[in-house]
>>> print(open('query-v7.cif').read())   # mmCIF, C-alpha atoms
data_start
loop_
_atom_site.label_atom_id
_atom_site.label_comp_id
_atom_site.auth_asym_id
_atom_site.auth_seq_id
_atom_site.Cartn_x
_atom_site.Cartn_y
_atom_site.Cartn_z
CA MET A 1 0.00 0.00 0.00
CA THR A 2 1.44 3.38 -0.95
CA ASP A 3 1.64 6.37 1.41
CA ARG A 4 -1.00 8.12 -0.66
CA THR A 5 -3.33 5.13 -0.35
CA ARG A 6 -2.85 5.09 3.42
CA ASN A 7 -3.55 8.82 3.54
CA ASP A 8 -6.76 8.26 1.61
CA ALA A 9 -7.93 5.80 4.24
CA ARG A 10 -7.73 8.41 6.98
CA ALA A 11 -8.69 11.49 4.96
CA PRO A 12 -11.55 13.38 6.65
CA ARG A 13 -14.70 13.60 4.59
CA GLY A 14 -15.61 17.03 3.27
CA ASP A 15 -18.91 17.10 5.18
CA ARG A 16 -16.96 17.41 8.45
CA ALA A 17 -16.21 21.04 7.56
CA PRO A 18 -18.94 23.39 6.35
CA LEU A 19 -18.75 25.00 2.93
CA ILE A 20 -17.97 28.70 2.95
CA LEU A 21 -21.01 30.79 2.01
CA GLY A 22 -21.27 34.52 1.41
CA ASN A 23 -24.25 35.22 3.64
CA GLU A 24 -22.45 36.12 6.87
CA PRO A 25 -22.13 39.93 7.12
CA GLY A 26 -18.60 40.97 7.97
CA SER A 27 -17.05 37.81 6.56
CA PHE A 28 -14.42 37.86 3.84
CA ALA A 29 -16.73 36.04 1.43
CA HIS A 30 -19.58 38.51 2.03
CA GLY A 31 -17.22 41.42 1.40
CA VAL A 32 -16.12 40.00 -1.93
CA LEU A 33 -19.69 39.53 -3.13
CA ALA A 34 -21.09 42.77 -1.71
CA GLU A 35 -18.19 45.13 -2.41
CA ARG A 36 -15.46 43.72 -4.64
CA HIS A 37 -17.68 42.37 -7.41
CA PRO A 38 -19.79 45.54 -7.81
CA ALA A 39 -16.61 47.64 -7.88
CA LEU A 40 -15.11 45.36 -10.51
CA ILE A 41 -18.14 45.76 -12.78
CA ARG A 42 -17.67 49.52 -12.66
CA GLN A 43 -13.94 49.23 -13.37
CA VAL A 44 -14.50 46.93 -16.35
CA ARG A 45 -17.12 49.29 -17.74
CA GLU A 46 -14.63 52.18 -17.56
CA ALA A 47 -11.72 50.20 -19.02
CA PHE A 48 -13.28 49.82 -22.49
CA PRO A 49 -15.67 51.91 -24.62
CA TYR A 50 -18.34 49.24 -24.50
CA GLY A 51 -21.50 49.95 -26.48
CA PRO A 52 -25.09 50.24 -25.20
CA ARG A 53 -25.73 46.50 -25.26
CA GLN A 54 -22.73 45.70 -23.04
CA ALA A 55 -23.52 48.67 -20.78
CA ARG A 56 -27.09 47.44 -20.23
CA ALA A 57 -25.86 43.91 -19.54
CA LEU A 58 -23.28 45.13 -17.01
CA ASP A 59 -25.88 47.30 -15.27
CA GLY A 60 -28.24 44.34 -15.15
CA LEU A 61 -25.56 42.11 -13.63
CA LEU A 62 -24.79 44.77 -11.03
CA ASP A 63 -28.44 44.95 -10.00
CA GLU A 64 -28.67 41.17 -9.85
CA ILE A 65 -25.64 40.51 -7.66
CA THR A 66 -26.58 43.20 -5.15
CA GLY A 67 -30.07 41.99 -4.39
CA ASP A 68 -31.77 39.86 -7.00
CA ALA A 69 -31.81 36.11 -7.38
CA VAL A 70 -29.19 34.27 -9.41
CA ALA A 71 -30.30 34.11 -13.05
CA PRO A 72 -29.39 31.29 -15.45
CA LEU A 73 -27.28 31.67 -18.53
CA PRO A 74 -29.21 32.28 -21.76
CA THR A 75 -30.25 29.04 -23.40
CA THR A 76 -28.19 30.08 -26.42
CA ALA A 77 -24.94 30.13 -24.41
CA HIS A 78 -22.47 27.45 -25.47
CA ASP A 79 -22.11 26.26 -21.86
CA HIS A 80 -25.73 26.74 -20.74
CA ARG A 81 -26.25 23.04 -20.03
CA GLN A 82 -23.03 22.70 -18.05
CA TRP A 83 -23.70 25.69 -15.81
CA SER A 84 -27.33 24.64 -15.37
CA ASP A 85 -26.02 21.37 -13.97
CA TRP A 86 -23.43 23.03 -11.74
CA GLY A 87 -25.97 25.60 -10.49
CA ARG A 88 -29.10 23.53 -10.18
CA GLU A 89 -29.17 24.10 -6.38
CA HIS A 90 -28.23 27.80 -6.56
CA ILE A 91 -29.94 29.42 -9.56
CA GLY A 92 -33.06 31.23 -8.35
CA ARG A 93 -31.60 31.84 -4.89
CA LEU A 94 -29.74 34.90 -3.61
CA TRP A 95 -26.08 35.09 -4.61
CA PHE A 96 -25.06 35.30 -0.96
CA ASP A 97 -26.68 31.96 -0.14
CA ALA A 98 -24.64 30.00 -2.69
CA PRO A 99 -21.26 28.42 -1.88
CA PHE A 100 -18.63 31.12 -2.16
CA LEU A 101 -16.50 29.22 -4.69
CA TRP A 102 -19.48 28.66 -6.97
CA ALA A 103 -20.73 32.26 -6.66
CA GLU A 104 -17.32 33.71 -7.51
CA SER A 105 -16.84 31.45 -10.51
CA TYR A 106 -20.32 32.09 -11.85
CA PHE A 107 -19.89 35.84 -11.42
CA TYR A 108 -16.88 35.82 -13.73
CA ARG A 109 -18.72 33.67 -16.27
CA ARG A 110 -21.62 36.13 -16.22
CA LEU A 111 -19.27 39.09 -16.52
CA LEU A 112 -17.71 37.60 -19.66
CA GLY A 113 -21.18 37.08 -21.05
CA ALA A 114 -22.14 40.68 -20.34
CA VAL A 115 -19.21 42.11 -22.33
CA GLY A 116 -19.75 39.75 -25.28
CA TYR A 117 -16.60 37.69 -24.80
CA PHE A 118 -18.20 34.55 -26.24
CA ASP A 119 -20.49 36.21 -28.80
CA ASP A 120 -19.93 36.63 -32.50
CA GLY A 121 -18.78 40.16 -33.13
CA PRO A 122 -15.90 42.57 -32.53
CA TRP A 123 -15.74 42.04 -28.77
CA GLN A 124 -15.36 38.28 -29.04
CA GLY A 125 -12.24 37.12 -27.22
CA VAL A 126 -11.35 40.57 -25.87
CA ASP A 127 -10.04 40.11 -22.31
CA PRO A 128 -11.93 42.64 -20.13
CA PHE A 129 -9.11 42.52 -17.59
CA ALA A 130 -6.25 43.04 -20.04
CA PRO A 131 -5.74 46.75 -19.21
CA PHE A 132 -5.22 45.91 -15.55
CA LYS A 133 -2.76 43.12 -16.32
CA ARG A 134 -0.73 45.20 -18.78
CA ALA A 135 -0.52 48.19 -16.48
CA GLU A 136 1.03 46.03 -13.78
CA LEU A 137 3.43 44.26 -16.14
CA ASP A 138 4.58 47.53 -17.74
CA GLY A 139 5.23 49.25 -14.42
CA THR A 140 8.69 50.43 -13.40
CA THR A 141 8.56 48.18 -10.33
CA VAL A 142 9.00 45.17 -12.62
CA ASP A 143 12.18 46.75 -14.02
CA GLU A 144 13.59 47.05 -10.51
CA GLU A 145 12.72 43.46 -9.67
CA LEU A 146 14.29 42.14 -12.86
CA ARG A 147 17.49 44.11 -12.25
CA ALA A 148 17.79 42.34 -8.90
CA LEU A 149 18.36 39.10 -10.83
CA ASP A 150 21.81 40.35 -11.86
CA ALA A 151 23.00 40.47 -8.25
CA LEU A 152 21.37 37.13 -7.50
CA ALA A 153 23.25 35.44 -10.38
CA ASP A 154 26.46 35.30 -8.29
CA ALA A 155 24.79 34.03 -5.13
CA PRO A 156 25.51 30.49 -3.87
CA ALA A 157 23.34 27.90 -5.60
CA GLU A 158 21.19 27.04 -2.57
CA GLU A 159 20.64 30.68 -1.71
CA ARG A 160 19.65 31.50 -5.28
CA ALA A 161 17.27 28.53 -5.48
CA ASN A 162 15.48 29.47 -2.27
CA ALA A 163 15.27 33.12 -3.29
CA LEU A 164 13.59 32.17 -6.57
CA LEU A 165 11.20 29.84 -4.75
CA LEU A 166 10.21 32.61 -2.36
CA ALA A 167 9.78 35.02 -5.27
CA SER A 168 7.35 32.60 -6.89
CA LEU A 169 5.56 32.16 -3.57
CA TRP A 170 5.05 35.83 -2.78
CA GLY A 171 4.04 36.85 -6.28
CA ASN A 172 3.53 40.59 -6.36
CA ARG A 173 5.95 40.92 -3.47
CA ALA A 174 8.52 39.19 -5.66
CA ASP A 175 11.28 41.68 -4.84
CA LEU A 176 11.36 40.25 -1.33
CA GLY A 177 12.32 36.91 -2.83
CA PHE A 178 14.76 38.16 -5.45
CA ARG A 179 16.94 40.16 -3.12
CA ALA A 180 19.32 38.24 -0.92
CA THR A 181 20.15 40.71 1.86
CA ALA A 182 21.57 40.73 5.34
CA ASP A 183 18.05 41.22 6.68
CA GLU A 184 16.91 37.83 5.42
CA PRO A 185 16.82 34.93 7.86
CA ALA A 186 19.87 32.77 8.19
CA PRO A 187 19.72 29.17 6.91
CA GLY A 188 17.41 27.14 9.12
CA GLU A 189 15.52 30.17 10.45
CA ALA A 190 11.89 30.81 9.62
CA THR A 191 10.97 33.25 6.89
CA PRO A 192 8.80 36.09 8.26
CA GLY A 193 5.16 35.60 7.38
CA LEU A 194 5.55 31.94 6.42
CA VAL A 195 3.00 29.96 8.46
CA ALA A 196 4.03 26.57 7.03
CA ASP A 197 7.28 25.73 5.27
CA ASP A 198 7.71 22.38 3.50
CA SER A 199 10.34 23.76 1.14
CA ALA A 200 12.80 21.02 2.10
CA ALA A 201 10.25 18.40 1.05
CA LEU A 202 9.64 20.28 -2.20
CA TRP A 203 13.34 20.34 -3.10
CA SER A 204 13.67 16.66 -2.21
CA LEU A 205 11.20 15.88 -5.02
CA LEU A 206 13.18 17.96 -7.51
CA THR A 207 16.49 16.23 -8.09
CA ASP A 208 18.91 16.30 -11.00
CA ALA A 209 19.53 12.60 -10.42
CA HIS A 210 16.04 11.69 -11.61
CA PRO A 211 14.53 14.73 -13.38
CA GLY A 212 11.00 14.29 -14.58
CA THR A 213 8.04 16.35 -15.68
CA VAL A 214 6.92 19.10 -13.33
CA ALA A 215 3.43 20.54 -13.64
CA VAL A 216 2.89 24.14 -12.55
CA VAL A 217 -0.70 25.34 -12.30
CA ALA A 218 -0.39 29.11 -12.62
CA ASP A 219 -2.43 31.66 -10.75
CA ASN A 220 -2.02 35.36 -11.53
CA ALA A 221 -0.51 37.03 -14.56
CA GLY A 222 1.86 40.01 -14.46
CA ARG A 223 4.13 40.41 -11.47
CA GLU A 224 3.28 36.94 -10.15
CA LEU A 225 3.71 35.08 -13.41
CA VAL A 226 7.13 36.64 -14.09
CA PRO A 227 8.76 35.05 -11.00
CA ASP A 228 6.92 31.80 -11.74
CA LEU A 229 8.56 31.71 -15.16
CA ILE A 230 11.95 32.58 -13.68
CA PHE A 231 11.56 29.72 -11.20
CA ILE A 232 10.64 27.39 -14.08
CA ASP A 233 13.80 28.48 -15.91
CA HIS A 234 15.79 27.54 -12.81
CA LEU A 235 14.25 24.05 -12.75
CA LEU A 236 15.06 23.51 -16.42
CA THR A 237 18.57 24.96 -16.50
CA ARG A 238 19.63 23.18 -13.30
CA GLY A 239 18.34 19.86 -14.56
CA LEU A 240 15.74 19.58 -11.79
CA ALA A 241 12.99 19.08 -14.34
CA ARG A 242 13.21 17.42 -17.73
CA ARG A 243 10.09 19.27 -18.85
CA VAL A 244 7.67 21.73 -17.30
CA MET A 245 3.97 21.86 -18.13
CA ILE A 246 2.51 25.20 -17.11
CA HIS A 247 -1.28 25.12 -16.92
CA VAL A 248 -3.20 28.37 -17.48
CA LYS A 249 -6.84 29.44 -17.74
CA PRO A 250 -8.65 29.06 -21.09
CA THR A 251 -10.62 32.30 -20.59
CA PRO A 252 -10.29 35.44 -18.42
CA TYR A 253 -10.99 34.58 -14.80
CA TYR A 254 -10.72 36.23 -11.37
CA VAL A 255 -9.41 39.47 -12.97
CA SER A 256 -5.72 38.63 -13.07
CA ASP A 257 -5.56 34.88 -13.69
CA ALA A 258 -3.05 33.91 -16.36
CA MET A 259 -3.89 32.76 -19.88
CA LEU A 260 -1.59 31.91 -22.78
CA ALA A 261 -1.58 35.56 -23.91
CA ASP A 262 -0.29 36.55 -20.46
CA VAL A 263 2.49 33.96 -20.61
CA LEU A 264 3.60 35.39 -23.95
CA ASP A 265 3.44 38.95 -22.62
CA CYS A 266 5.65 37.97 -19.69
CA LEU A 267 8.12 36.16 -21.94
CA ARG A 268 8.39 39.26 -24.13
CA ARG A 269 8.89 41.41 -21.01
CA LEU A 270 11.69 39.15 -19.85
CA ALA A 271 13.33 38.76 -23.23
CA GLY A 272 13.34 42.53 -23.74
CA ALA A 273 15.05 43.22 -20.42
CA PRO A 274 18.82 43.64 -20.07
CA GLY A 275 21.13 41.31 -18.18
CA ALA A 276 20.11 38.09 -16.50
CA ALA A 277 16.39 38.67 -17.05
CA GLY A 278 16.86 38.92 -20.81
CA ARG A 279 18.88 35.71 -20.89
CA ILE A 280 16.17 33.93 -18.91
CA GLY A 281 13.52 35.21 -21.30
CA GLY A 282 15.49 33.96 -24.28
CA ARG A 283 15.95 30.52 -22.78
CA LEU A 284 12.26 30.21 -21.94
CA TRP A 285 11.27 31.35 -25.43
CA ASP A 286 13.46 28.59 -26.87
CA ALA A 287 12.12 26.10 -24.34
CA MET A 288 8.57 26.76 -25.52
CA ALA A 289 9.63 26.29 -29.13
CA THR A 290 11.16 22.89 -28.34
CA GLY A 291 8.37 21.71 -26.04
CA GLN A 292 10.55 21.67 -22.94
CA LEU A 293 8.18 24.32 -21.61
CA ASP A 294 4.70 23.20 -22.54
CA VAL A 295 1.77 25.58 -22.00
CA ARG A 296 -1.52 23.78 -21.46
CA THR A 297 -5.06 24.64 -20.51
CA HIS A 298 -8.29 22.87 -19.68
CA PRO A 299 -11.95 23.97 -19.22
CA PHE A 300 -11.84 22.57 -15.68
CA PHE A 301 -9.61 25.44 -14.58
CA CYS A 302 -12.61 27.78 -14.92
CA ALA A 303 -15.08 25.39 -13.28
CA PRO A 304 -16.65 26.07 -9.83
CA LEU A 305 -15.42 22.71 -8.55
CA PRO A 306 -12.71 21.38 -6.21
CA TYR A 307 -9.81 19.46 -7.70
CA GLU A 308 -11.24 16.32 -6.15
CA GLU A 309 -13.76 16.42 -9.03
CA MET A 310 -11.19 16.90 -11.79
CA PRO A 311 -11.90 14.99 -15.03
CA PRO A 312 -9.92 11.83 -15.91
CA ASP A 313 -7.78 13.43 -18.62
CA LEU A 314 -6.50 16.13 -16.26
CA ARG A 315 -5.97 13.57 -13.51
CA GLU A 316 -3.80 11.56 -15.90
CA GLN A 317 -1.62 14.58 -16.63
CA PHE A 318 -1.03 15.25 -12.95
CA ALA A 319 -0.45 11.56 -12.24
CA ALA A 320 2.33 11.50 -14.82
CA ALA A 321 4.15 14.45 -13.22
CA ARG A 322 6.94 14.00 -10.74
CA LEU A 323 5.47 16.96 -8.86
CA THR A 324 2.50 19.27 -9.37
CA ILE A 325 2.91 22.79 -8.00
CA LEU A 326 -0.34 24.67 -7.47
CA LYS A 327 0.11 28.43 -7.28
CA GLY A 328 -2.04 30.89 -5.44
CA ASP A 329 -5.07 31.19 -3.23
CA LEU A 330 -7.80 29.99 -5.58
CA ASN A 331 -5.91 26.83 -6.48
CA TYR A 332 -5.44 26.15 -2.78
CA ARG A 333 -9.15 26.56 -2.10
CA ARG A 334 -9.92 24.12 -4.88
CA LEU A 335 -7.21 21.71 -3.73
CA VAL A 336 -8.32 21.33 -0.11
CA GLY A 337 -11.97 22.30 -0.59
CA ASP A 338 -13.45 25.76 0.05
CA ARG A 339 -14.48 24.86 3.58
CA LEU A 340 -14.04 26.12 7.12
CA TRP A 341 -11.51 23.49 8.13
CA ASP A 342 -9.93 23.44 11.53
CA PRO A 343 -6.52 24.95 10.68
CA THR A 344 -4.73 21.94 12.15
CA THR A 345 -6.47 19.49 9.79
CA PRO A 346 -3.57 17.65 8.08
CA PHE A 347 -2.85 18.97 4.60
CA ALA A 348 -1.84 15.47 3.47
CA ALA A 349 -5.20 14.08 4.57
CA VAL A 350 -7.40 16.54 2.67
CA THR A 351 -5.25 16.21 -0.48
CA ALA A 352 -4.89 12.42 -0.36
CA TYR A 353 -7.13 12.06 -3.44
CA PHE A 354 -4.60 13.94 -5.62
CA PRO A 355 -3.05 11.55 -8.17
CA GLY A 356 0.58 12.37 -7.41
CA PRO A 357 2.88 14.48 -5.22
CA VAL A 358 1.49 17.98 -4.89
CA ALA A 359 2.86 21.25 -3.53
CA ALA A 360 0.92 24.41 -2.72
CA LEU A 361 2.61 27.82 -2.95
CA ARG A 362 0.10 30.28 -1.60
CA THR A 363 -0.16 33.79 -0.25
CA LEU A 364 -3.11 33.76 2.14
CA LYS A 365 -6.04 35.80 0.79
CA SER A 366 -9.08 33.83 1.96
CA ASP A 367 -10.34 32.01 5.05
CA VAL A 368 -9.38 28.46 4.03
CA ILE A 369 -6.35 26.96 5.75
CA THR A 370 -5.12 23.48 6.69
CA GLY A 371 -1.94 21.85 7.91
CA LEU A 372 -0.85 24.34 10.58
CA GLU A 373 0.69 23.53 13.96
CA ARG A 374 -1.55 24.36 16.91
CA GLY A 375 1.08 26.67 18.38
CA THR A 376 1.28 28.58 15.12
CA VAL A 377 -2.50 29.01 14.98
CA ASP A 378 -2.67 30.20 18.58
CA ALA A 379 0.10 32.75 18.04
CA LEU A 380 -1.54 34.08 14.89
CA GLU A 381 -4.91 34.40 16.57
CA ARG A 382 -3.37 36.21 19.56
CA SER A 383 -1.72 38.69 17.21
CA GLY A 384 -5.07 40.18 16.24
CA ALA A 385 -3.97 40.41 12.61
CA THR A 386 -6.23 39.43 9.70
CA TRP A 387 -3.62 36.85 8.78
CA ARG A 388 -5.95 34.60 6.78
CA THR A 389 -7.01 37.20 4.20
CA SER A 390 -4.58 40.13 4.15
CA GLY A 391 -1.86 38.62 1.94
CA THR A 392 0.75 39.25 4.63
CA HIS A 393 1.26 35.53 5.31
CA ALA A 394 2.04 32.61 3.04
CA LEU A 395 2.71 28.89 3.04
CA ILE A 396 4.59 26.14 1.25
CA GLN A 397 2.93 22.76 1.79
CA VAL A 398 3.77 19.40 0.22
CA ALA A 399 1.94 16.07 0.27
#
>>> encode(input="query-v7.cif", output="structure tokens")
Amino acid sequence: MTDRTRNDARAPRGDRAPLILGNEPGSFAHGVLAERHPALIRQVREAFPYGPRQARALDGLLDEITGDAVAPLPTTAHDHRQWSDWGREHIGRLWFDAPFLWAESYFYRRLLGAVGYFDDGPWQGVDPFAPFKRAELDGTTVDEELRALDALADAPAEERANALLLASLWGNRADLGFRATADEPAPGEATPGLVADDSAALWSLLTDAHPGTVAVVADNAGRELVPDLIFIDHLLTRGLARRVMIHVKPTPYYVSDAMLADVLDCLRRLAGAPGAAGRIGGRLWDAMATGQLDVRTHPFFCAPLPYEEMPPDLREQFAAARLTILKGDLNYRRLVGDRLWDPTTPFAAVTAYFPGPVAALRTLKSDVITGLERGTVDALERSGATWRTSGTHALIQVA
């Protein structure tokens, strides 16, 4: 019996932890539905000169999410049947009463429908979030972060590897990972803000003695995707991975989630930079051309479902990987289930269904958490900080 099979035998069932809903005033989920989504509709409307039809649809969606019942997709929508199945218990009820994961996912599907993303016509395939992504990627802060790679090039191998891992972990705080300074913790000391650190277990699965395929399920574009790609370059050039499959979203999702177009934008940004960043960009460009870096996507990545319900073809891809690295908060919620787990619930138990070794690199931006030591939880709770949702804490977990 394998370790993963034994884990499966003692994995707690999902019904032991309640699903997160959006109907509790003051909760993080309620704030997203009541405040963030309406604000996003207004921002999207201002980002493009949408015509009257799109404007009416966006206004209608705003009215619906702030007080009306959840409406179904039009019967003419290409995915009407699929979403009708996924939403059969939620359509016709208030948005706040639906599971938070489902409500968020359906909101983004409805937003794409409102702007005509799937319709025949000039707005078909136009990413409504592209202006936000490009503004971040084109910012001068990215230049500063990429210049830091030049200094890191001469750092000892282990120090460089850990810096790049932390850069990928922290995403838009990537400069904290790139820069190796005297203020950073000494080897063996905890990294500030890291509530769980299985980095040693992660590196043990990535060895140049037996390099295999590594799957990376991306999260955000822009300043998070750039350090992800730099970390992937490290795995390939150091012989820690024979090939890397980076999985991205097939359509715009959660504002900043990465698609193929965002990968290409980041590669161009890297390749056009001077010094070490430009060399990395060139290598990754060549790696894509040869298939050593393989960009993939799947409709499931935009589904309102936990990874436990992944389809067989995606399960086969992850099963064939030496390690699957899931980036970001949403992937974590889908990996462990968007539920109010006791924070000490073992991470290995709730992910025992996953078809191969899996690592989560996540900055905490929602209530879901597993795999923490009781002492860590108690200290965090005593601090009075909103550590679960503020993005000030992060974790590296491996199972």
>>> closest_residue(input="query-v7.cif", among="A:Gly384, A:Gly375, A:Pro355, A:Gly222", to="Leu137 in chain A", atoms="only C-alpha atoms")
A:Gly222
>>> resolve_selection(input="query-v7.cif", expression="the PyMOL selection byres ((chain A and resi 348) around 8)", output="PyMOL selection string")
chain A and resi 7+346-347+349-352+371+398-399
>>> atom_distance(input="query-v7.cif", atom1="CA of Arg36 in chain A", atom2="CA of Ala359 in chain A")
29.0 Å
>>> residues_around(input="query-v7.cif", residues="Pro306 in chain A", least_positions_apart="6", cutoff="8 Å", atoms="all atoms listed in the file", output="ChimeraX atom specification")
/A:333-338
>>> atom_distance(input="query-v7.cif", atom1="CA of Glu35 in chain A", atom2="CA of Asp329 in chain A")
19.2 Å
>>> resolve_selection(input="query-v7.cif", expression="the PyMOL selection byres ((chain A and resi 394) around 7)", output="PyMOL selection string")
chain A and resi 193-195+362-364+392-393+395
>>> resolve_selection(input="query-v7.cif", expression="the PyMOL selection byres ((chain A and resi 265-271) around 10)", output="compact mmCIF listing (two decimals) with C-alpha atoms, keeping the file's coordinate frame")
# COMPACT_ATOMS: atom_id res chain seq x y z
CA LYS A 133 -2.76 43.12 -16.32
CA ARG A 134 -0.73 45.20 -18.78
CA LEU A 137 3.43 44.26 -16.14
CA ASP A 138 4.58 47.53 -17.74
CA VAL A 142 9.00 45.17 -12.62
CA ASP A 143 12.18 46.75 -14.02
CA LEU A 146 14.29 42.14 -12.86
CA ALA A 221 -0.51 37.03 -14.56
CA GLY A 222 1.86 40.01 -14.46
CA ARG A 223 4.13 40.41 -11.47
CA GLU A 224 3.28 36.94 -10.15
CA LEU A 225 3.71 35.08 -13.41
CA VAL A 226 7.13 36.64 -14.09
CA PRO A 227 8.76 35.05 -11.00
CA LEU A 229 8.56 31.71 -15.16
CA ILE A 230 11.95 32.58 -13.68
CA MET A 259 -3.89 32.76 -19.88
CA LEU A 260 -1.59 31.91 -22.78
CA ALA A 261 -1.58 35.56 -23.91
CA ASP A 262 -0.29 36.55 -20.46
CA VAL A 263 2.49 33.96 -20.61
CA LEU A 264 3.60 35.39 -23.95
CA GLY A 272 13.34 42.53 -23.74
CA ALA A 273 15.05 43.22 -20.42
CA PRO A 274 18.82 43.64 -20.07
CA GLY A 275 21.13 41.31 -18.18
CA ALA A 276 20.11 38.09 -16.50
CA ALA A 277 16.39 38.67 -17.05
CA GLY A 278 16.86 38.92 -20.81
CA ARG A 279 18.88 35.71 -20.89
CA ILE A 280 16.17 33.93 -18.91
CA GLY A 281 13.52 35.21 -21.30
CA GLY A 282 15.49 33.96 -24.28
CA ARG A 283 15.95 30.52 -22.78
CA LEU A 284 12.26 30.21 -21.94
CA TRP A 285 11.27 31.35 -25.43
>>> axis_aligned_box(input="query-v7.cif", around="range 369-374 of chain A", padding_each_side="4 Å", output="AutoDock Vina command-line options")
--center_x -2.8 --center_y 24.4 --center_z 11.3 --size_x 15.0 --size_y 13.1 --size_z 19.2
